[in-house]
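*Asks:* Quick one, start.txt (compact mmCIF, C-alpha atoms and all ligand atoms):
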```txt
# COMPACT_ATOMS: atom_id res chain seq x y z
CA HIS A 7 -45.98 13.72 -33.03
CA LEU A 8 -43.76 10.69 -32.73
CA GLU A 9 -42.85 8.48 -35.67
CA CYS A 10 -41.21 5.09 -35.81
CA ALA A 11 -37.82 5.39 -37.48
CA LEU A 12 -38.20 1.99 -39.12
CA CYS A 13 -41.87 1.36 -40.00
CA GLY A 14 -43.06 4.97 -40.08
CA GLN A 15 -46.06 4.39 -37.82
CA GLN A 16 -47.12 7.61 -36.06
CA TYR A 17 -47.91 7.99 -32.37
CA GLU A 18 -49.43 10.72 -30.29
CA ALA A 19 -46.77 12.77 -28.49
CA ASP A 20 -48.49 13.32 -25.17
CA ARG A 21 -48.41 9.73 -24.05
CA LEU A 22 -45.48 7.79 -22.69
CA TRP A 23 -43.87 5.48 -25.23
CA ASN A 24 -40.78 3.38 -25.27
CA LEU A 25 -40.03 1.52 -28.52
CA CYS A 26 -42.49 1.30 -31.42
CA PRO A 27 -45.22 -1.12 -30.27
CA ASP A 28 -45.44 -2.46 -33.85
CA CYS A 29 -41.84 -3.17 -34.76
CA GLY A 30 -39.79 -2.61 -31.61
CA ARG A 31 -37.59 0.10 -33.04
CA PRO A 32 -36.94 3.72 -31.91
CA LEU A 33 -39.47 6.52 -32.10
CA LEU A 34 -38.38 9.96 -33.31
CA CYS A 35 -39.93 13.36 -32.55
CA ARG A 36 -41.46 15.18 -35.48
CA TYR A 37 -42.12 18.92 -35.31
CA ASP A 38 -44.18 21.47 -37.12
CA LEU A 39 -41.07 22.93 -38.73
CA GLU A 40 -43.07 25.43 -40.72
CA ALA A 41 -44.41 27.00 -37.52
CA ALA A 42 -40.99 26.81 -35.86
CA GLY A 43 -39.41 28.50 -38.88
CA LYS A 44 -41.87 31.38 -38.51
CA ALA A 45 -41.10 31.75 -34.81
CA VAL A 46 -37.28 31.75 -35.06
CA ASP A 47 -34.43 32.07 -37.52
CA PRO A 48 -30.63 31.98 -37.16
CA ALA A 49 -30.56 35.65 -36.14
CA SER A 50 -32.80 34.86 -33.13
CA PHE A 51 -30.18 33.01 -31.15
CA GLY A 52 -27.60 35.73 -30.49
CA GLY A 53 -28.81 36.87 -27.08
CA ARG A 54 -30.15 33.58 -25.82
CA GLU A 55 -29.11 31.50 -22.84
CA PRO A 56 -25.86 29.57 -23.30
CA THR A 57 -27.44 26.12 -22.95
CA MET A 58 -29.06 23.64 -25.30
CA TRP A 59 -32.38 25.28 -24.43
CA ARG A 60 -31.53 28.18 -26.73
CA TYR A 61 -33.14 25.99 -29.46
CA ARG A 62 -36.36 25.88 -27.45
CA GLU A 63 -38.68 25.97 -30.49
CA LEU A 64 -37.04 22.81 -31.84
CA LEU A 65 -37.30 20.86 -28.59
CA PRO A 66 -40.16 18.62 -27.48
CA LEU A 67 -41.04 20.02 -24.05
CA ARG A 68 -44.56 21.50 -23.88
CA ASP A 69 -44.15 23.84 -20.92
CA ASP A 70 -41.02 25.59 -19.60
CA GLU A 71 -42.25 25.00 -16.10
CA HIS A 72 -40.97 21.42 -16.51
CA LYS A 73 -37.56 22.34 -17.85
CA LEU A 74 -34.83 20.78 -15.71
CA THR A 75 -31.55 22.49 -16.44
CA LEU A 76 -28.05 22.39 -14.98
CA GLY A 77 -26.57 24.45 -17.81
CA GLU A 78 -26.13 21.61 -20.34
CA GLY A 79 -25.03 22.31 -23.88
CA TRP A 80 -23.52 25.31 -25.69
CA THR A 81 -20.11 23.80 -25.16
CA PRO A 82 -17.06 25.34 -26.82
CA LEU A 83 -16.03 24.46 -30.34
CA VAL A 84 -12.29 24.82 -29.95
CA HIS A 85 -10.02 25.46 -32.91
CA ALA A 86 -7.30 23.04 -31.82
CA THR A 87 -4.27 24.89 -33.16
CA ARG A 88 -1.66 23.39 -30.84
CA LEU A 89 -2.90 19.89 -31.50
CA GLY A 90 -3.21 20.79 -35.18
CA ALA A 91 0.44 21.84 -35.27
CA GLU A 92 1.40 18.53 -33.68
CA VAL A 93 -0.41 16.51 -36.34
CA ASP A 94 0.27 19.05 -39.11
CA PHE A 95 -3.35 19.88 -39.88
CA GLU A 96 -4.87 23.33 -39.86
CA GLY A 97 -8.63 22.67 -39.83
CA LEU A 98 -8.90 20.64 -36.64
CA TYR A 99 -11.69 21.48 -34.18
CA ILE A 100 -12.78 19.86 -30.93
CA LYS A 101 -16.35 20.08 -29.70
CA ASP A 102 -15.62 19.88 -25.99
CA GLU A 103 -18.55 18.04 -24.47
CA SER A 104 -16.57 17.23 -21.33
CA LEU A 105 -17.66 20.59 -19.92
CA ASN A 106 -21.29 19.54 -19.60
CA PRO A 107 -22.89 19.00 -16.17
CA THR A 108 -21.83 15.57 -14.86
CA GLY A 109 -18.82 15.68 -17.19
CA SER A 110 -20.21 14.25 -20.41
CA PHE A 111 -22.62 14.90 -23.26
CA LYS A 112 -25.05 12.47 -21.67
CA ALA A 113 -26.34 15.56 -19.82
CA ARG A 114 -28.04 16.80 -22.99
CA GLY A 115 -30.06 13.67 -23.63
CA LEU A 116 -30.93 12.96 -20.04
CA GLY A 117 -31.76 16.59 -19.30
CA MET A 118 -34.30 16.48 -22.10
CA ALA A 119 -35.64 13.00 -21.39
CA VAL A 120 -36.08 13.46 -17.65
CA SER A 121 -37.74 16.86 -18.16
CA ARG A 122 -40.19 15.41 -20.64
CA ALA A 123 -40.89 12.28 -18.58
CA ARG A 124 -41.62 14.41 -15.55
CA GLU A 125 -43.86 16.66 -17.63
CA MET A 126 -45.91 13.59 -18.43
CA GLY A 127 -46.25 12.67 -14.78
CA VAL A 128 -43.47 10.12 -14.36
CA THR A 129 -42.28 9.81 -10.74
CA ALA A 130 -39.57 7.14 -11.10
CA VAL A 131 -37.05 6.49 -13.90
CA SER A 132 -34.57 3.70 -14.55
CA ILE A 133 -31.56 3.26 -16.80
CA PRO A 134 -28.90 0.70 -17.68
CA SER A 135 -25.59 2.49 -18.12
CA ALA A 136 -21.85 2.09 -18.53
CA GLY A 137 -21.55 5.06 -16.18
CA ASN A 138 -22.00 8.51 -17.69
CA ALA A 139 -25.68 8.12 -18.57
CA ALA A 140 -26.45 6.95 -15.04
CA GLY A 141 -24.79 9.99 -13.49
CA ALA A 142 -26.60 12.35 -15.83
CA MET A 143 -29.98 10.73 -15.24
CA ALA A 144 -29.43 10.77 -11.48
CA ALA A 145 -28.64 14.49 -11.60
CA TYR A 146 -31.76 15.50 -13.51
CA ALA A 147 -33.98 13.16 -11.53
CA ALA A 148 -32.65 14.75 -8.33
CA LEU A 149 -33.37 18.20 -9.70
CA GLY A 150 -36.87 17.13 -10.68
CA GLY A 151 -37.55 15.43 -7.36
CA ILE A 152 -38.19 12.01 -8.88
CA GLU A 153 -36.73 8.59 -8.11
CA ALA A 154 -33.70 7.34 -10.05
CA HIS A 155 -32.81 3.64 -10.39
CA VAL A 156 -29.55 2.88 -12.15
CA TYR A 157 -28.08 -0.44 -13.30
CA MET A 158 -24.38 -0.54 -14.03
CA PRO A 159 -21.89 -3.35 -14.74
CA LYS A 160 -20.17 -4.62 -11.62
CA ASP A 161 -16.77 -3.53 -12.93
CA VAL A 162 -17.84 0.10 -13.41
CA PRO A 163 -15.07 2.47 -12.24
CA HIS A 164 -15.72 3.75 -8.73
CA PRO A 165 -16.26 7.46 -9.57
CA PHE A 166 -19.41 6.62 -11.57
CA LEU A 167 -20.79 4.73 -8.62
CA ALA A 168 -19.87 7.48 -6.18
CA GLU A 169 -21.50 10.09 -8.39
CA CYS A 170 -24.80 8.21 -8.62
CA ARG A 171 -24.90 7.64 -4.88
CA ALA A 172 -24.10 11.28 -4.15
CA LEU A 173 -26.92 12.31 -6.47
CA GLY A 174 -29.39 10.18 -4.57
CA ALA A 175 -29.92 7.35 -7.06
CA GLU A 176 -30.57 3.75 -6.11
CA VAL A 177 -27.69 1.79 -7.65
CA THR A 178 -27.75 -1.87 -8.68
CA LEU A 179 -24.53 -3.50 -9.85
CA VAL A 180 -25.00 -6.24 -12.42
CA GLU A 181 -22.78 -9.16 -13.43
CA GLY A 182 -22.10 -8.63 -17.14
CA LEU A 183 -22.33 -5.84 -19.72
CA ILE A 184 -24.70 -2.95 -20.33
CA THR A 185 -27.00 -5.29 -22.27
CA ASP A 186 -27.35 -7.44 -19.13
CA CYS A 187 -28.02 -4.31 -17.10
CA GLY A 188 -30.73 -3.44 -19.61
CA LYS A 189 -32.49 -6.77 -19.15
CA GLN A 190 -32.50 -6.50 -15.38
CA ALA A 191 -33.57 -2.84 -15.36
CA ALA A 192 -36.43 -3.60 -17.73
CA ALA A 193 -37.64 -6.57 -15.71
CA GLU A 194 -37.55 -4.82 -12.33
CA GLY A 195 -38.83 -1.55 -13.74
CA LYS A 196 -41.81 -3.19 -15.36
CA GLU A 197 -42.83 -4.73 -12.08
CA ARG A 198 -42.41 -1.52 -10.12
CA GLY A 199 -43.74 0.92 -12.69
CA TRP A 200 -40.57 2.86 -13.53
CA PHE A 201 -40.15 4.61 -16.83
CA ASP A 202 -37.22 3.12 -18.82
CA ILE A 203 -34.83 5.76 -20.21
CA SER A 204 -32.43 3.38 -22.04
CA THR A 205 -30.62 4.71 -25.11
CA LEU A 206 -33.10 5.20 -27.97
CA LYS A 207 -35.77 3.21 -26.10
CA GLU A 208 -37.63 6.46 -25.51
CA PRO A 209 -37.72 9.37 -27.99
CA TYR A 210 -36.35 12.28 -25.96
CA ARG A 211 -32.69 11.56 -25.26
CA LEU A 212 -32.08 11.84 -28.98
CA ALA A 213 -33.99 15.12 -29.01
CA GLY A 214 -31.56 16.52 -26.44
CA LYS A 215 -28.47 15.22 -28.17
CA LYS A 216 -29.47 16.60 -31.54
CA THR A 217 -28.73 20.07 -30.15
CA MET A 218 -25.05 19.29 -30.82
CA GLY A 219 -25.92 19.56 -34.50
CA TYR A 220 -27.61 22.94 -34.09
CA GLU A 221 -24.70 24.21 -32.03
CA LEU A 222 -22.09 23.12 -34.54
CA ALA A 223 -23.95 24.94 -37.30
CA GLU A 224 -24.38 28.08 -35.22
CA GLN A 225 -20.78 28.05 -34.01
CA LEU A 226 -19.57 27.70 -37.61
CA GLY A 227 -21.75 30.59 -38.79
CA TRP A 228 -24.51 28.31 -40.13
CA THR A 229 -22.13 26.30 -42.26
CA MET A 230 -21.19 22.64 -42.01
CA PRO A 231 -17.77 21.14 -41.32
CA ASP A 232 -16.47 18.63 -43.90
CA VAL A 233 -16.06 15.76 -41.46
CA ILE A 234 -17.42 14.85 -38.01
CA ILE A 235 -15.71 12.04 -36.08
CA TYR A 236 -17.84 10.57 -33.30
CA PRO A 237 -17.05 7.81 -30.77
CA THR A 238 -20.11 5.64 -31.18
CA GLY A 239 -21.79 3.46 -28.59
CA GLY A 240 -25.58 3.55 -28.90
CA GLY A 241 -25.26 6.28 -31.51
CA THR A 242 -27.73 8.82 -30.08
CA GLY A 243 -25.49 11.78 -30.76
CA LEU A 244 -24.58 10.80 -34.29
CA VAL A 245 -28.15 10.04 -35.25
CA GLY A 246 -29.36 13.14 -33.41
CA MET A 247 -27.00 15.43 -35.29
CA TRP A 248 -27.96 13.85 -38.59
CA LYS A 249 -31.61 14.56 -37.79
CA ALA A 250 -30.76 18.13 -36.75
CA PHE A 251 -29.07 18.78 -40.10
CA ASP A 252 -32.17 17.58 -41.88
CA GLU A 253 -34.40 19.81 -39.75
CA MET A 254 -32.15 22.82 -40.35
CA GLU A 255 -32.30 22.26 -44.09
CA GLN A 256 -36.10 22.11 -43.95
CA LEU A 257 -36.04 25.31 -41.90
CA GLY A 258 -33.90 26.88 -44.61
CA TRP A 259 -31.04 27.58 -42.17
CA ILE A 260 -28.48 25.50 -44.06
CA GLY A 261 -28.37 24.10 -47.59
CA GLY A 262 -28.09 20.53 -48.76
CA GLU A 263 -24.41 20.19 -47.83
CA ARG A 264 -23.58 17.66 -45.12
CA PRO A 265 -20.50 16.61 -43.21
CA ARG A 266 -19.17 13.11 -43.82
CA MET A 267 -20.06 11.31 -40.59
CA VAL A 268 -17.49 8.95 -39.12
CA THR A 269 -18.07 6.32 -36.44
CA VAL A 270 -15.10 5.26 -34.39
CA GLN A 271 -15.27 2.24 -32.10
CA SER A 272 -12.76 0.18 -30.16
CA GLU A 273 -11.07 -2.93 -31.58
CA GLY A 274 -12.61 -4.84 -28.69
CA CYS A 275 -16.22 -3.86 -29.47
CA ALA A 276 -17.05 -2.71 -32.98
CA PRO A 277 -20.46 -3.95 -34.10
CA MET A 278 -21.20 -0.81 -36.16
CA VAL A 279 -17.85 -0.84 -37.94
CA ARG A 280 -18.33 -4.48 -38.89
CA ALA A 281 -21.89 -3.94 -40.12
CA PHE A 282 -20.88 -0.85 -42.08
CA HIS A 283 -18.18 -2.72 -43.99
CA ASP A 284 -20.37 -5.82 -44.46
CA GLY A 285 -22.99 -3.66 -46.12
CA SER A 286 -25.61 -4.75 -43.58
CA GLU A 287 -28.70 -2.75 -42.70
CA PHE A 288 -28.59 -3.94 -39.07
CA ALA A 289 -25.68 -4.95 -36.83
CA GLU A 290 -25.07 -8.35 -35.26
CA PRO A 291 -24.33 -8.23 -31.52
CA TRP A 292 -20.61 -8.22 -30.68
CA VAL A 293 -19.49 -11.21 -28.63
CA ASP A 294 -17.10 -10.73 -25.68
CA ALA A 295 -17.08 -6.95 -25.85
CA ALA A 296 -14.04 -5.53 -24.09
CA THR A 297 -12.59 -2.02 -24.07
CA LEU A 298 -11.50 0.42 -21.42
CA ALA A 299 -13.62 3.05 -23.16
CA ASP A 300 -16.73 2.20 -21.13
CA GLY A 301 -19.06 4.32 -23.26
CA LEU A 302 -18.09 2.29 -26.34
CA ARG A 303 -18.63 -1.08 -24.72
CA VAL A 304 -22.07 -1.43 -26.31
CA PRO A 305 -22.37 -4.82 -28.03
CA ALA A 306 -25.80 -4.16 -29.58
CA ALA A 307 -27.70 -0.94 -30.37
CA VAL A 308 -31.41 -0.70 -31.06
CA GLY A 309 -30.70 2.27 -33.36
CA ASP A 310 -28.07 0.40 -35.38
CA PHE A 311 -29.85 0.95 -38.72
CA LEU A 312 -30.05 4.71 -38.05
CA ILE A 313 -26.32 4.94 -37.39
CA LEU A 314 -25.56 2.93 -40.54
CA ARG A 315 -27.94 5.03 -42.63
CA ALA A 316 -26.34 8.29 -41.49
CA LEU A 317 -22.85 6.98 -42.25
CA ARG A 318 -23.88 5.87 -45.73
CA GLU A 319 -26.06 8.83 -46.68
CA SER A 320 -23.28 11.19 -45.65
CA GLU A 321 -20.63 9.23 -47.57
CA GLY A 322 -18.88 8.77 -44.27
CA THR A 323 -17.13 5.74 -42.89
CA ALA A 324 -16.49 3.65 -39.79
CA LEU A 325 -13.24 2.41 -38.30
CA VAL A 326 -11.73 0.88 -35.19
CA VAL A 327 -8.85 2.10 -33.07
CA ALA A 328 -6.95 0.29 -30.32
CA ASP A 329 -7.36 1.22 -26.66
CA GLU A 330 -3.64 2.05 -26.49
CA GLU A 331 -4.06 4.57 -29.30
CA MET A 332 -6.91 6.28 -27.45
CA MET A 333 -4.79 6.54 -24.32
CA ALA A 334 -1.81 7.94 -26.21
CA ASP A 335 -4.07 10.47 -27.92
CA ALA A 336 -5.77 11.39 -24.64
CA ARG A 337 -2.28 12.27 -23.42
CA LEU A 338 -1.64 14.31 -26.55
CA MET A 339 -4.93 16.23 -26.19
CA GLY A 340 -4.02 16.92 -22.59
CA ARG A 341 -0.51 18.05 -23.38
CA THR A 342 -1.45 20.29 -26.29
CA GLN A 343 -4.95 21.59 -25.59
CA GLY A 344 -5.24 21.40 -21.82
CA MET A 345 -8.15 18.98 -22.04
CA PHE A 346 -8.30 16.04 -19.67
CA THR A 347 -10.37 13.61 -21.70
CA CYS A 348 -11.71 10.09 -21.30
CA PRO A 349 -10.55 7.42 -23.79
CA GLU A 350 -13.81 7.73 -25.76
CA GLY A 351 -13.11 11.43 -26.17
CA ALA A 352 -9.66 10.74 -27.59
CA ALA A 353 -10.78 8.00 -30.00
CA PRO A 354 -11.77 10.53 -32.71
CA LEU A 355 -8.22 11.87 -32.76
CA SER A 356 -6.85 8.35 -33.25
CA ALA A 357 -9.39 7.80 -36.02
CA PHE A 358 -8.42 11.10 -37.61
CA ARG A 359 -4.79 9.98 -37.83
CA HIS A 360 -5.79 6.80 -39.68
CA LEU A 361 -8.11 8.64 -42.05
CA ARG A 362 -5.52 11.27 -42.80
CA ALA A 363 -2.83 8.68 -43.47
CA ARG A 364 -5.20 7.03 -45.93
CA GLY A 365 -5.86 10.31 -47.67
CA TRP A 366 -9.54 10.13 -46.73
CA VAL A 367 -9.37 13.64 -45.26
CA GLY A 368 -8.29 16.45 -47.58
CA GLU A 369 -5.59 18.92 -46.50
CA ASP A 370 -7.86 21.96 -46.49
CA GLU A 371 -10.91 20.33 -44.95
CA THR A 372 -12.52 21.18 -41.62
CA VAL A 373 -12.72 18.27 -39.19
CA VAL A 374 -14.65 18.22 -35.91
CA LEU A 375 -13.58 15.71 -33.25
CA PHE A 376 -16.05 15.01 -30.45
CA ASN A 377 -14.52 14.99 -26.99
CA THR A 378 -17.49 13.35 -25.35
CA GLY A 379 -16.47 13.26 -21.71
CA SER A 380 -14.08 14.29 -18.98
CA GLY A 381 -11.15 12.17 -17.84
CA LEU A 382 -11.97 12.84 -14.21
CA LYS A 383 -14.07 9.70 -13.84
CA TYR A 384 -11.33 7.58 -15.46
CA THR A 385 -8.36 8.34 -13.23
CA HIS A 386 -7.82 4.60 -12.70
CA LEU A 387 -6.40 4.48 -16.25
CA TRP A 388 -3.60 6.86 -15.44
CA GLY A 389 -1.82 4.99 -12.65
C1 LIG A 401 -22.19 7.26 -23.98
C2 LIG A 401 -20.86 7.74 -24.39
C3 LIG A 401 -20.43 7.64 -25.71
C4 LIG A 401 -21.27 7.01 -26.80
O1 LIG A 401 -22.35 7.86 -27.11
P1 LIG A 401 -23.59 7.39 -28.01
O2 LIG A 401 -24.27 8.64 -28.41
O3 LIG A 401 -24.42 6.50 -27.16
O4 LIG A 401 -23.04 6.65 -29.18
C5 LIG A 401 -19.18 8.16 -26.03
N1 LIG A 401 -18.39 8.75 -25.10
C6 LIG A 401 -18.77 8.85 -23.81
C7 LIG A 401 -17.85 9.50 -22.83
C8 LIG A 401 -20.01 8.35 -23.40
O5 LIG A 401 -20.40 8.48 -22.13
```
Let me see whether you can do it: turn the structure in this file into structure tokens.
Ligand SMILES: *Cc1c(COP(=O)(O)O)cnc(C)c1O

*Replies:*
Amino acid sequence: HLECALCGQQYEADRLWNLCPDCGRPLLCRYDLEAAGKAVDPASFGGREPTMWRYRELLPLRDDEHKLTLGEGWTPLVHATRLGAEVDFEGLYIKDESLNPTGSFKARGLGMAVSRAREMGVTAVSIPSAGNAAGAMAAYAALGGIEAHVYMPKDVPHPFLAECRALGAEVTLVEGLITDCGKQAAAEGKERGWFDISTLKEPYRLAGKKTMGYELAEQLGWTMPDVIIYPTGGGTGLVGMWKAFDEMEQLGWIGGERPRMVTVQSEGCAPMVRAFHDGSEFAEPWVDAATLADGLRVPAAVGDFLILRALRESEGTALVVADEEMMADARLMGRTQGMFTCPEGAAPLSAFRHLRARGWVGEDETVVLFNTGSGLKYTHLWG
């Protein structure tokens, strides 16, 4: 079934829902973990397909007939030894999400959400996006033969626009930020009967992104790293992984140990960092959000309290980095590891440097940086 993450109200799974009709907050998928635990265990996964669908029993699609897949997930967890040597740290790993279809980890969430929407009879979907989510939604909608309507800020870099058009989506450019795109998409979609797939405004994108948590555990031999550093916009991936860890503990696949979760945002848009340090349960919207890391230019997140909870429960933290640091670290990741990353994907490395300098990360700890997307759609930043 579905359950509101804030008020706990339960909803039937086989109906279309956006936010909780009672309190307006995100709905989460709840599974019969006892049954799932009888059907699979860690030893089951060895021979399975190298995509996020290897965790089929823990995913919310009813029937495989509706599975839309482009090969998303099961990305490499790279032991970054050359980068590690450069920053004098042995236990540095990069989860390289840039290798996903459409070049970012948005493929996981949108692959799941579009599959599930189509399973429930949806024929047209809409999304406000800084770029990567739009491309991913357009790809899965194309594969599923349903209409895609995307709303992006007018200043979105051209490759995102080109991608959506090539994938057959109807693109609307909006004056303003992603929040303004969201308002327009919701208004037009309501009138025309499109299903809204905004971040955390339907339950299934999170269900796709949680597979990053299962993968990390499997790739580390069903153990947990000490620290995960995640470039946070709407927070789907961070909250999804936190949920996955909880599910895996209930399944008996891991123990009670957890990584310390770290949110990194840009100096120019850091609502979660501010709320974390203020001790707030919810975040105030950020005014005049500006950063060249488009995926982090999210002034307000409907799942704010879930991000903040995960950071606090894990004894993690939140910090900002400057855009120039991300760019310098993108260059370093390129030069040492052969990864062409977007600024968002380099932000965790910049955050790592700060945390290490503060002594927040221990010398013999294991740290996972999330490279969330490819640099190929951000070539305008490189001159
Ligand atoms: C969307 C996006 C993010 C932020 O992800 P959330 O899970 O929404 O916090 C980070 N990096 C890139 C490249 C993105 O596209």

*Asks:* Considering all atoms listed in the file, tabulate each residue of chain A that lies at most 7 Å from ligand LIG 401 (chain A) along with its nearest interatomic pair and the corresponding distance in Å to one decimal; arrange the rows by chain and ascending residue number and present them as JSON lines.

*Replies:*
```
{"residue": "A:Ser110", "atom": "CA", "partner": "A:LIG401", "partner_atom": "C7", "distance": 5.8}
{"residue": "A:Phe111", "atom": "CA", "partner": "A:LIG401", "partner_atom": "O5", "distance": 6.9}
{"residue": "A:Lys112", "atom": "CA", "partner": "A:LIG401", "partner_atom": "O5", "distance": 6.1}
{"residue": "A:Gly137", "atom": "CA", "partner": "A:LIG401", "partner_atom": "O5", "distance": 7.0}
{"residue": "A:Asn138", "atom": "CA", "partner": "A:LIG401", "partner_atom": "O5", "distance": 4.7}
{"residue": "A:Ala139", "atom": "CA", "partner": "A:LIG401", "partner_atom": "O5", "distance": 6.4}
{"residue": "A:Thr205", "atom": "CA", "partner": "A:LIG401", "partner_atom": "O3", "distance": 6.8}
{"residue": "A:Pro237", "atom": "CA", "partner": "A:LIG401", "partner_atom": "C5", "distance": 5.2}
{"residue": "A:Thr238", "atom": "CA", "partner": "A:LIG401", "partner_atom": "O4", "distance": 3.7}
{"residue": "A:Gly239", "atom": "CA", "partner": "A:LIG401", "partner_atom": "O4", "distance": 3.5}
{"residue": "A:Gly240", "atom": "CA", "partner": "A:LIG401", "partner_atom": "O3", "distance": 3.6}
{"residue": "A:Gly241", "atom": "CA", "partner": "A:LIG401", "partner_atom": "O4", "distance": 3.2}
{"residue": "A:Thr242", "atom": "CA", "partner": "A:LIG401", "partner_atom": "O2", "distance": 3.8}
{"residue": "A:Gly243", "atom": "CA", "partner": "A:LIG401", "partner_atom": "O2", "distance": 4.1}
{"residue": "A:Leu244", "atom": "CA", "partner": "A:LIG401", "partner_atom": "O2", "distance": 6.3}
{"residue": "A:Gly301", "atom": "CA", "partner": "A:LIG401", "partner_atom": "C2", "distance": 4.0}
{"residue": "A:Leu302", "atom": "CA", "partner": "A:LIG401", "partner_atom": "C4", "distance": 5.7}
{"residue": "A:Cys348", "atom": "CA", "partner": "A:LIG401", "partner_atom": "C7", "distance": 6.4}
{"residue": "A:Glu350", "atom": "CA", "partner": "A:LIG401", "partner_atom": "N1", "distance": 4.7}
{"residue": "A:Gly351", "atom": "CA", "partner": "A:LIG401", "partner_atom": "N1", "distance": 6.0}
{"residue": "A:Thr378", "atom": "CA", "partner": "A:LIG401", "partner_atom": "C7", "distance": 4.6}
{"residue": "A:Gly379", "atom": "CA", "partner": "A:LIG401", "partner_atom": "C7", "distance": 4.2}
```

*Asks:* Would you place a box with edges along x, y and z of the file around all atoms of range 345-361 of chain A listed there, add 6 Å to each of its six sides, and report the centre and edge lengths in Å to one decimal, as JSON?

*Replies:*
```
{"center_x": -9.3, "center_y": 12.9, "center_z": -30.9, "size_x": 21.0, "size_y": 24.2, "size_z": 34.4}
```

*Asks:* Counting all atoms listed in the file, note down every residue that has an atom within 8 Å of the point (-24.9, -1.3, -27.8) (file coordinates), as a VMD selection string.

*Replies:* chain A and resid 184 to 185 239 to 240 291 302 to 308

*Asks:* Return the single residue from A:Ala42, A:Cys187, A:Ala130, A:Met247 that is closest to Tyr61 in chain A, with distances computed using all atoms listed in the file.

*Replies:*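 Between A:Ala42, A:Cys187, A:Ala130, A:Met247, the residue approaching Tyr61 in chain A most closely is A:Ala42.
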
*Asks:* Could you pull the residues within 12 Å of Gly195 in chain A, counting all atoms listed in the file, minus those fewer than 3 positions along the same chain, as a PyMOL selection string?

*Replies:* chain A and resi 130-134+153-157+187-192+198-204

*Asks:* Could you pull out every residue with an atom within 7 Å of (-17.9, 11.6, -32.2), file coordinates, counting only C-alpha atoms, and send them as a list in words?

*Replies:*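 Result, sorted by chain then residue number: Ile234, Ile235, Tyr236, Pro237, Thr238, Thr269, Pro354, Leu375 and Phe376 of chain A.
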
*Asks:* What's the 12 Å shell around Trp59 in chain A, counting all atoms listed in the file, without same-chain residues fewer than 6 positions away, as a ChimeraX atom specification?

*Replies:* /A:51,65-67,70,73-80,114-115,117-118,121,213-218,220-221

*Asks:* In Å, rounded to a single decimal, give me how far CA of Leu39 in chain A is from CA of Glu319 in chain A.

*Replies:* 22.1 Å

*Asks:* Provide the CA of Pro56 in chain A to CA of Thr108 in chain A distance in Å, to one decimal place.

*Replies:*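 Taking CA of Pro56 in chain A and CA of Thr108 in chain A, their separation equals 16.8 Å.
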
*Asks:* Kindly indicate which residue among A:Leu298, A:Leu183, A:Leu312, A:Leu149 lies nearest to Glu330 in chain A, using all atoms listed in the file for the distances.

*Replies:*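 So, comparing all the options, the nearest one is A:Leu298.
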
*Asks:* Just the number, please: distance in Å from CA of Val180 in chain A to CA of Pro32 in chain A, one decimal.

*Replies:*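 These two atoms are separated by 24.9 Å.
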